[in-house]
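Trainee: Dropping in coords.cif, with mmCIF, C-alpha atoms.
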data_my_file
loop_
_atom_site.label_atom_id
_atom_site.label_comp_id
_atom_site.auth_asym_id
_atom_site.auth_seq_id
_atom_site.Cartn_x
_atom_site.Cartn_y
_atom_site.Cartn_z
CA MET W 1 56.70 85.91 88.02
CA LYS W 2 55.92 82.58 89.68
CA ILE W 3 52.43 82.61 88.16
CA ARG W 4 53.88 83.29 84.71
CA LYS W 5 56.34 80.40 85.12
CA TRP W 6 53.52 78.12 86.27
CA ILE W 7 51.36 79.07 83.26
CA LYS W 8 54.32 78.60 80.93
CA GLY W 9 55.01 75.20 82.46
CA VAL W 10 51.38 74.14 82.04
CA LEU W 11 51.42 75.22 78.40
CA VAL W 12 54.63 73.27 77.69
CA VAL W 13 53.27 70.14 79.37
CA GLY W 14 49.99 70.52 77.49
CA LEU W 15 51.77 70.90 74.15
CA LEU W 16 53.92 67.82 74.78
CA ALA W 17 50.85 65.82 75.74
CA PHE W 18 49.08 66.93 72.52
CA LEU W 19 52.07 65.99 70.35
CA LEU W 20 52.47 62.61 72.03
CA ASN W 21 48.77 61.92 71.65
CA SER W 22 48.84 62.89 67.97
CA PHE W 23 51.82 60.59 67.39
CA HIS W 24 50.03 57.78 69.19
CA MET W 25 46.89 58.25 67.10
CA ILE W 26 48.81 57.89 63.84
CA THR W 27 50.63 54.80 65.08
CA VAL W 28 47.43 53.14 66.29
CA GLN W 29 45.72 53.95 63.02
CA ALA W 30 48.30 51.87 61.18
CA ASP W 31 48.63 49.10 63.77
CA LYS W 32 44.95 48.37 64.38
CA LYS W 33 43.61 48.73 60.86
CA GLN W 34 44.16 45.11 59.89
CA GLN W 35 45.08 41.90 61.65
CA PRO W 36 47.87 40.02 59.81
CA ILE W 37 46.69 37.72 57.03
CA THR W 38 48.30 36.15 53.96
CA LEU W 39 47.18 37.40 50.57
CA LYS W 40 46.65 34.51 48.17
CA ASN W 41 47.18 36.70 45.11
CA GLU W 42 49.73 39.31 44.10
CA ALA W 43 48.81 42.86 44.95
CA LEU W 44 49.08 45.71 42.48
CA VAL W 45 50.86 48.63 44.16
CA MET W 46 50.18 52.08 42.69
CA VAL W 47 52.14 55.27 43.39
CA PRO W 48 50.93 58.67 42.11
CA GLY W 49 53.12 61.54 40.96
CA THR W 50 54.10 64.91 42.32
CA GLY W 51 51.41 66.78 44.23
CA ALA W 52 48.96 63.87 44.11
CA SER W 53 47.37 62.01 46.99
CA VAL W 54 46.24 58.40 47.36
CA ASN W 55 42.99 59.47 45.70
CA ARG W 56 44.76 60.12 42.39
CA PHE W 57 43.72 56.76 40.94
CA ASP W 58 40.09 56.84 42.10
CA GLN W 59 38.70 57.20 38.57
CA LEU W 60 40.84 54.31 37.39
CA LEU W 61 39.73 52.19 40.33
CA ALA W 62 36.08 53.00 39.59
CA GLN W 63 36.55 51.79 36.00
CA LEU W 64 38.17 48.56 37.15
CA GLN W 65 35.50 47.92 39.77
CA LYS W 66 32.73 48.05 37.17
CA THR W 67 33.69 44.57 35.99
CA ASN W 68 35.81 43.19 38.82
CA ALA W 69 35.54 42.75 42.57
CA ILE W 70 38.61 44.63 43.80
CA ASP W 71 39.72 45.30 47.35
CA VAL W 72 41.58 48.59 47.77
CA LEU W 73 43.93 49.65 50.54
CA LYS W 74 45.30 53.20 50.70
CA ILE W 75 48.43 54.08 52.63
CA THR W 76 49.70 57.62 53.15
CA VAL W 77 53.18 57.83 54.63
CA GLN W 78 53.54 60.87 56.86
CA THR W 79 56.75 62.89 56.98
CA ASP W 80 57.65 61.25 60.31
CA GLY W 81 57.34 57.81 58.71
CA GLN W 82 54.03 56.90 60.32
CA LEU W 83 51.28 55.39 58.19
CA THR W 84 47.70 56.57 57.73
CA ILE W 85 45.63 53.72 56.34
CA SER W 86 42.15 53.35 54.89
CA GLY W 87 40.45 50.38 53.31
CA LYS W 88 40.95 46.68 53.84
CA LEU W 89 42.21 43.64 51.95
CA THR W 90 40.90 40.10 52.20
CA GLU W 91 42.70 36.83 51.53
CA GLU W 92 40.43 35.65 48.75
CA ASN W 93 40.38 38.75 46.52
CA HIS W 94 42.24 37.97 43.31
CA GLN W 95 42.80 41.62 42.37
CA PRO W 96 43.99 43.44 45.50
CA ILE W 97 45.19 47.00 44.91
CA ILE W 98 47.32 49.05 47.28
CA VAL W 99 47.81 52.78 46.67
CA ILE W 100 50.82 54.30 48.42
CA GLY W 101 51.05 58.08 48.67
CA PHE W 102 53.04 60.58 50.67
CA ALA W 103 52.13 63.54 52.84
CA ASP W 104 55.03 65.33 51.15
CA SER W 105 54.74 64.44 47.46
CA SER W 106 56.90 67.28 46.17
CA GLU W 107 59.33 66.77 43.32
CA GLU W 108 62.29 67.55 45.57
CA SER W 109 61.39 64.80 48.03
CA VAL W 110 61.39 61.88 45.53
CA PRO W 111 64.49 60.25 47.14
CA GLN W 112 62.82 60.59 50.54
CA GLN W 113 59.59 59.18 49.12
CA ALA W 114 61.56 56.08 48.11
CA GLU W 115 62.47 55.59 51.78
CA TRP W 116 58.87 56.18 52.84
CA PHE W 117 57.78 53.69 50.20
CA GLN W 118 59.95 51.08 51.89
CA LYS W 119 58.19 51.73 55.20
CA ALA W 120 54.87 50.99 53.52
CA ILE W 121 56.29 47.85 51.90
CA HIS W 122 57.54 46.60 55.25
CA TYR W 123 54.07 47.14 56.70
CA LEU W 124 52.60 45.11 53.82
CA GLN W 125 55.10 42.32 54.49
CA GLN W 126 54.19 42.19 58.16
CA THR W 127 50.43 42.54 57.72
CA TYR W 128 49.73 40.70 54.46
CA SER W 129 52.85 38.54 53.98
CA VAL W 130 53.49 40.30 50.67
CA GLN W 131 56.53 38.62 49.12
CA LYS W 132 55.96 39.75 45.56
CA TYR W 133 53.81 42.38 43.90
CA ASN W 134 53.23 44.30 40.68
CA PHE W 135 53.63 48.05 40.30
CA LEU W 136 52.00 50.97 38.50
CA GLY W 137 53.67 54.38 38.74
CA HIS W 138 52.37 57.60 37.23
CA SER W 139 54.75 60.47 36.50
CA ASN W 140 57.26 60.85 39.36
CA GLY W 141 55.69 57.79 40.94
CA GLY W 142 57.85 55.88 38.47
CA LEU W 143 60.92 57.72 39.74
CA VAL W 144 60.00 56.78 43.31
CA MET W 145 60.11 53.10 42.32
CA THR W 146 63.38 53.55 40.41
CA ASP W 147 64.94 55.38 43.35
CA TYR W 148 63.71 52.68 45.70
CA LEU W 149 65.10 49.82 43.62
CA GLU W 150 68.49 51.48 43.14
CA TYR W 151 69.14 53.22 46.44
CA VAL W 152 66.82 51.90 49.16
CA ARG W 153 65.63 48.31 48.66
CA LEU W 154 67.13 45.71 50.97
CA SER W 155 67.81 42.12 49.93
CA ILE W 156 64.97 40.99 52.20
CA ASP W 157 62.47 43.31 50.51
CA PRO W 158 60.06 41.87 47.94
CA VAL W 159 60.76 42.71 44.30
CA PRO W 160 58.07 43.87 41.85
CA GLU W 161 57.52 41.29 39.14
CA LYS W 162 55.68 43.44 36.60
CA ILE W 163 55.83 47.21 36.21
CA ILE W 164 53.94 49.80 34.16
CA PHE W 165 55.30 53.35 34.09
CA LEU W 166 52.99 56.12 32.85
CA GLY W 167 54.56 59.40 31.72
CA THR W 168 57.62 59.02 33.94
CA PRO W 169 60.23 61.78 33.27
CA PHE W 170 63.44 59.75 33.49
CA ASN W 171 65.39 62.61 31.88
CA ASP W 172 63.51 65.52 33.48
CA VAL W 173 60.97 67.59 31.56
CA GLY W 174 63.01 70.33 29.89
CA TRP W 175 63.73 70.51 26.17
CA LYS W 176 67.29 71.35 27.13
CA TYR W 177 67.70 67.65 27.88
CA ASN W 178 65.26 66.10 25.45
CA GLU W 179 64.87 65.96 21.70
CA MET W 180 61.59 66.87 20.07
CA GLY W 181 60.05 63.87 18.37
CA GLY W 182 58.11 60.73 19.08
CA THR W 183 61.00 58.28 18.91
CA PHE W 184 64.12 57.83 21.02
CA THR W 185 67.64 57.08 19.84
CA THR W 186 70.07 58.88 22.14
CA ILE W 187 69.86 61.38 24.99
CA LYS W 188 70.35 64.99 23.99
CA GLU W 189 71.83 65.90 27.38
CA ASN W 190 71.85 63.98 30.66
CA SER W 191 69.82 65.75 33.32
CA ALA W 192 70.74 65.52 37.00
CA VAL W 193 67.75 63.19 37.41
CA PHE W 194 68.96 60.80 34.73
CA LYS W 195 72.56 60.88 35.98
CA ARG W 196 71.35 59.84 39.42
CA TYR W 197 69.56 56.78 38.08
CA LEU W 198 72.13 55.83 35.46
CA ALA W 199 74.83 55.72 38.16
CA LYS W 200 73.08 52.91 40.02
CA SER W 201 71.15 51.24 37.21
CA PHE W 202 73.20 48.05 37.70
CA ARG W 203 71.21 47.55 40.92
CA LEU W 204 67.89 47.29 39.09
CA PRO W 205 66.51 43.72 39.24
CA GLN W 206 66.57 42.01 35.86
CA ALA W 207 63.70 39.60 36.49
CA ILE W 208 61.12 42.29 35.73
CA GLU W 209 58.57 42.54 32.94
CA LEU W 210 58.12 46.22 32.18
CA ILE W 211 55.91 48.41 29.98
CA ASN W 212 56.87 52.07 29.60
CA VAL W 213 54.02 54.32 28.39
CA ALA W 214 54.35 57.85 26.98
CA GLY W 215 51.80 60.34 25.73
CA ASP W 216 52.34 62.26 22.47
CA VAL W 217 49.68 64.95 22.08
CA THR W 218 51.54 68.23 21.51
CA THR W 219 53.81 69.87 18.98
CA GLY W 220 57.30 68.71 19.80
CA SER W 221 56.01 65.40 21.11
CA SER W 222 55.07 65.39 24.77
CA ASP W 223 52.04 64.64 26.92
CA GLY W 224 51.81 68.32 27.70
CA THR W 225 54.19 67.95 30.63
CA VAL W 226 56.77 65.25 29.90
CA PRO W 227 58.59 64.90 26.56
CA VAL W 228 58.21 61.52 24.89
CA THR W 229 61.99 61.11 24.70
CA SER W 230 62.30 61.68 28.46
CA VAL W 231 59.90 58.81 29.12
CA LEU W 232 61.61 56.55 26.59
CA ALA W 233 65.02 57.28 28.12
CA GLY W 234 63.91 54.72 30.67
CA GLN W 235 65.02 52.01 28.24
CA LEU W 236 68.65 52.86 29.05
CA LEU W 237 67.94 52.04 32.68
CA TYR W 238 65.66 49.02 32.29
CA GLU W 239 66.96 47.54 29.03
CA ASN W 240 68.29 44.44 30.83
CA SER W 241 64.87 43.55 32.25
CA ARG W 242 63.36 40.17 31.41
CA SER W 243 61.10 42.04 28.99
CA TYR W 244 60.84 45.73 28.12
CA GLN W 245 58.11 47.26 25.96
CA GLU W 246 57.35 50.85 24.96
CA ILE W 247 53.96 52.29 24.02
CA VAL W 248 53.35 55.82 22.77
CA LEU W 249 49.71 56.93 22.97
CA THR W 250 48.29 59.78 20.90
CA GLU W 251 44.63 59.88 21.95
CA LYS W 252 43.41 60.88 25.42
CA ALA W 253 47.06 60.89 26.36
CA LYS W 254 47.67 64.15 28.16
CA HIS W 255 49.78 63.72 31.26
CA SER W 256 46.85 63.66 33.68
CA GLN W 257 44.75 61.48 31.34
CA LEU W 258 47.21 58.61 31.15
CA VAL W 259 45.86 56.97 34.32
CA THR W 260 42.38 56.64 32.80
CA ASN W 261 43.32 56.21 29.15
CA PRO W 262 41.19 53.32 27.74
CA THR W 263 44.25 51.63 26.23
CA VAL W 264 46.05 51.84 29.56
CA VAL W 265 43.05 50.39 31.43
CA ALA W 266 42.85 47.45 29.02
CA LEU W 267 46.62 47.01 29.12
CA LEU W 268 46.60 47.01 32.90
CA GLN W 269 43.92 44.31 33.06
CA GLN W 270 45.70 42.13 30.53
CA PHE W 271 49.24 42.61 31.84
CA PHE W 272 48.57 42.22 35.55
CA TRP W 273 45.53 39.96 35.80
CA SER W 274 44.82 38.04 32.60
CA GLU W 275 46.45 34.85 33.93
CA LYS W 276 44.38 34.94 37.12
CA LYS W 277 40.95 34.99 35.54
#
Please express what this file holds, its structure, as structure tokens.
Mentor:
Amino acid sequence: MKIRKWIKGVLVVGLLAFLLNSFHMITVQADKKQQPITLKNEALVMVPGTGASVNRFDQLLAQLQKTNAIDVLKITVQTDGQLTISGKLTEENHQPIIVIGFADSSEESVPQQAEWFQKAIHYLQQTYSVQKYNFLGHSNGGLVMTDYLEYVRLSIDPVPEKIIFLGTPFNDVGWKYNEMGGTFTTIKENSAVFKRYLAKSFRLPQAIELINVAGDVTTGSSDGTVPVTSVLAGQLLYENSRSYQEIVLTEKAKHSQLVTNPTVVALLQQFFWSEKK
């Protein structure tokens, strides 16, 4: 019996040591990756959608890097709030890009992802003195930003100045809630998702320039996943922004293609960086 208790005790101590060491490794990975500097140019922060990792935008980044020198930093927020970081930013780069992803990128965890997003933003403030930034969100990545702005952001947090949403389902994806057609007038039925954001839409900053992009490639008008009218329902949330534009694409505009659509790539370069060149 005593031997069994001793073995059990050793196993417990060993397990605790392993867990503490794992926690320490994640923390050190975030803390030692970069000494604090001050970025001289606004960063573009990208957030992928449901089920996607920080590698979701790799093809887009490869296209951008063909003609521009771009530093890329990738941050994955773990479920315990710790950060796993790869890449590095330098002060002089005029097109820094930061991709923020989540170990749990499920649809159900979008509100939690908004809180994890804030942890990454706080790290960027501390490490790079980020006081303002631009934002690109694909699919539910756009909901993460909306959730963050309405429910999570503190007054001391930086505010995105320019935003592009790609295929973001503001009114969910079901035809129960959305009309078929390529234009938006009114909402057919408010989904639980839309009700959540409409309730706190008064908290959305108004000093934002925003472009909302939808894909229309199927019968009934959707990008194959998200109805056009669900994307365009975002105007009811962001209509008081400094500027709000809508673009509906019909070529190479399936849901997964939006991040590499040639029009989107050109739009991104013009909207975020044209004044810096």
Trainee: Written as a PyMOL selection string, which residues does the PyMOL selection byres ((chain W and resi 85) around 6) give for the file shown?
Mentor: chain W and resi 30+74-75+84+86
Trainee: Give me, please, the distance in Å between atom CA of W:Thr79 and atom CA of W:Trp116, quoted to one decimal.
Mentor: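 About the pair atom CA of W:Thr79 and atom CA of W:Trp116: they are 8.2 Å apart.
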Trainee: Determine, counting all atoms listed in the file, which protein, DNA and RNA residues have an atom within 10 Å of an atom of W:Gln118; residues of the same chain fewer than 4 positions away are not included. Present the result as an MDAnalysis selection string.
Mentor: chainID W and resid 77 81 113:114 122:124 145 148:149 152:154 157
Trainee: Return the padded bounding box of stretch 128-140 of chain W as lines of an AutoDock Vina configuration file: axis-aligned, built from all atoms listed in the file, 3 Å added on each side, with centre and edge lengths in Å to one decimal.
Mentor:
center_x = 53.5
center_y = 49.7
center_z = 45.5
size_x = 13.5
size_y = 28.3
size_z = 24.0
Trainee: Translate the PyMOL selection byres ((chain W and resi 166) around 12) into a concrete residue list for this structure, as a PDB file with C-alpha atoms, in the coordinates of the input.
Mentor:
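Wrote out.pdb, looks like this:
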ATOM      1  CA  MET W  46      50.180  52.080  42.690  1.00  0.00           C
ATOM      2  CA  VAL W  47      52.140  55.270  43.390  1.00  0.00           C
ATOM      3  CA  PRO W  48      50.930  58.670  42.110  1.00  0.00           C
ATOM      4  CA  GLY W  49      53.120  61.540  40.960  1.00  0.00           C
ATOM      5  CA  PHE W 135      53.630  48.050  40.300  1.00  0.00           C
ATOM      6  CA  LEU W 136      52.000  50.970  38.500  1.00  0.00           C
ATOM      7  CA  GLY W 137      53.670  54.380  38.740  1.00  0.00           C
ATOM      8  CA  HIS W 138      52.370  57.600  37.230  1.00  0.00           C
ATOM      9  CA  SER W 139      54.750  60.470  36.500  1.00  0.00           C
ATOM     10  CA  ASN W 140      57.260  60.850  39.360  1.00  0.00           C
ATOM     11  CA  GLY W 141      55.690  57.790  40.940  1.00  0.00           C
ATOM     12  CA  GLY W 142      57.850  55.880  38.470  1.00  0.00           C
ATOM     13  CA  LEU W 143      60.920  57.720  39.740  1.00  0.00           C
ATOM     14  CA  ILE W 163      55.830  47.210  36.210  1.00  0.00           C
ATOM     15  CA  ILE W 164      53.940  49.800  34.160  1.00  0.00           C
ATOM     16  CA  PHE W 165      55.300  53.350  34.090  1.00  0.00           C
ATOM     17  CA  GLY W 167      54.560  59.400  31.720  1.00  0.00           C
ATOM     18  CA  THR W 168      57.620  59.020  33.940  1.00  0.00           C
ATOM     19  CA  PRO W 169      60.230  61.780  33.270  1.00  0.00           C
ATOM     20  CA  PHE W 170      63.440  59.750  33.490  1.00  0.00           C
ATOM     21  CA  LEU W 210      58.120  46.220  32.180  1.00  0.00           C
ATOM     22  CA  ILE W 211      55.910  48.410  29.980  1.00  0.00           C
ATOM     23  CA  ASN W 212      56.870  52.070  29.600  1.00  0.00           C
ATOM     24  CA  VAL W 213      54.020  54.320  28.390  1.00  0.00           C
ATOM     25  CA  ALA W 214      54.350  57.850  26.980  1.00  0.00           C
ATOM     26  CA  GLY W 215      51.800  60.340  25.730  1.00  0.00           C
ATOM     27  CA  ASP W 223      52.040  64.640  26.920  1.00  0.00           C
ATOM     28  CA  VAL W 226      56.770  65.250  29.900  1.00  0.00           C
ATOM     29  CA  VAL W 228      58.210  61.520  24.890  1.00  0.00           C
ATOM     30  CA  SER W 230      62.300  61.680  28.460  1.00  0.00           C
ATOM     31  CA  VAL W 231      59.900  58.810  29.120  1.00  0.00           C
ATOM     32  CA  LEU W 232      61.610  56.550  26.590  1.00  0.00           C
ATOM     33  CA  GLY W 234      63.910  54.720  30.670  1.00  0.00           C
ATOM     34  CA  GLU W 246      57.350  50.850  24.960  1.00  0.00           C
ATOM     35  CA  ILE W 247      53.960  52.290  24.020  1.00  0.00           C
ATOM     36  CA  VAL W 248      53.350  55.820  22.770  1.00  0.00           C
ATOM     37  CA  LEU W 249      49.710  56.930  22.970  1.00  0.00           C
ATOM     38  CA  ALA W 253      47.060  60.890  26.360  1.00  0.00           C
ATOM     39  CA  LYS W 254      47.670  64.150  28.160  1.00  0.00           C
ATOM     40  CA  HIS W 255      49.780  63.720  31.260  1.00  0.00           C
ATOM     41  CA  SER W 256      46.850  63.660  33.680  1.00  0.00           C
ATOM     42  CA  GLN W 257      44.750  61.480  31.340  1.00  0.00           C
ATOM     43  CA  LEU W 258      47.210  58.610  31.150  1.00  0.00           C
ATOM     44  CA  VAL W 259      45.860  56.970  34.320  1.00  0.00           C
ATOM     45  CA  THR W 260      42.380  56.640  32.800  1.00  0.00           C
ATOM     46  CA  ASN W 261      43.320  56.210  29.150  1.00  0.00           C
ATOM     47  CA  THR W 263      44.250  51.630  26.230  1.00  0.00           C
ATOM     48  CA  VAL W 264      46.050  51.840  29.560  1.00  0.00           C
ATOM     49  CA  VAL W 265      43.050  50.390  31.430  1.00  0.00           C
ATOM     50  CA  LEU W 267      46.620  47.010  29.120  1.00  0.00           C
ATOM     51  CA  LEU W 268      46.600  47.010  32.900  1.00  0.00           C
TER      52      LEU W 268
END
Trainee: Using atom CA of W:Gln245 and atom CA of W:Gln65 as the two end points, give the distance in Å to one decimal.
Mentor: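 Atom CA of W:Gln245 sits 26.5 Å away from atom CA of W:Gln65.
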Trainee: Would you work out the distance separating atom CA of W:Arg56 from atom CA of W:Thr76, expressed in Å to one decimal?
Mentor: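 Taking atom CA of W:Arg56 and atom CA of W:Thr76, their separation equals 12.1 Å.
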Trainee: Choose the residue, out of W:Val130, W:Ala120, W:Val144, W:Ile100, that has the smallest atom-to-atom separation from W:Thr38; count all atoms listed in the file.
Mentor: W:Val130
Trainee: Pick the closest to W:Ser129 from W:Ile156, W:Pro36, W:Gln95, W:Leu83: which is it, counting only C-alpha atoms?
Mentor: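 With only C-alpha atoms as the atom set, the closest residue is W:Pro36.
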Trainee: Go through W:Asn240, W:Thr90, W:Ser109, W:Thr186 one by one, measure the shortest atom-to-atom distance of each to W:Ala207 using all atoms listed in the file, and give the residue with the smallest value.
Mentor: W:Asn240
Trainee: Restricting the calculation to only C-alpha atoms: of W:Gln125, W:Ser243, W:Ser222, W:Ser201, which residue gets closest to W:Asn178?
Mentor: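 Result for the nearest residue to W:Asn178: W:Ser222.
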Trainee: Using all atoms listed in the file, which of W:Leu64, W:Leu39, W:Leu204, W:Val159 sits nearest W:Lys88?
Mentor: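 Comparing W:Leu64, W:Leu39, W:Leu204, W:Val159 against W:Lys88, the winner is W:Leu39.
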Trainee: Counting only C-alpha atoms, figure out which residue out of W:Phe102, W:Tyr177, W:Tyr238, W:Phe202 gets nearest to W:Thr50.
Mentor: W:Phe102
Trainee: Neighbours of W:Ala52 within 9 Å (only C-alpha atoms; same-chain residues fewer than 5 positions away dropped), as a list in words?
Mentor: Gly101, Phe102, Ser105 and Ser106 of chain W
Trainee: Find the residues around W:Lys195 up to 12 Å (only C-alpha atoms counted), leave out those fewer than 2 positions away in its own chain, and share them as a ChimeraX atom specification.
Mentor: /W:147,170-172,177,187,189-193,197-201,233-234,236-237
Trainee: List the residues selected by the PyMOL selection byres ((chain W and resi 183) around 8) in the file shown, writing them as JSON, numbers by chain.
Mentor: {"W": [181, 182, 184, 185, 228, 229, 232]}
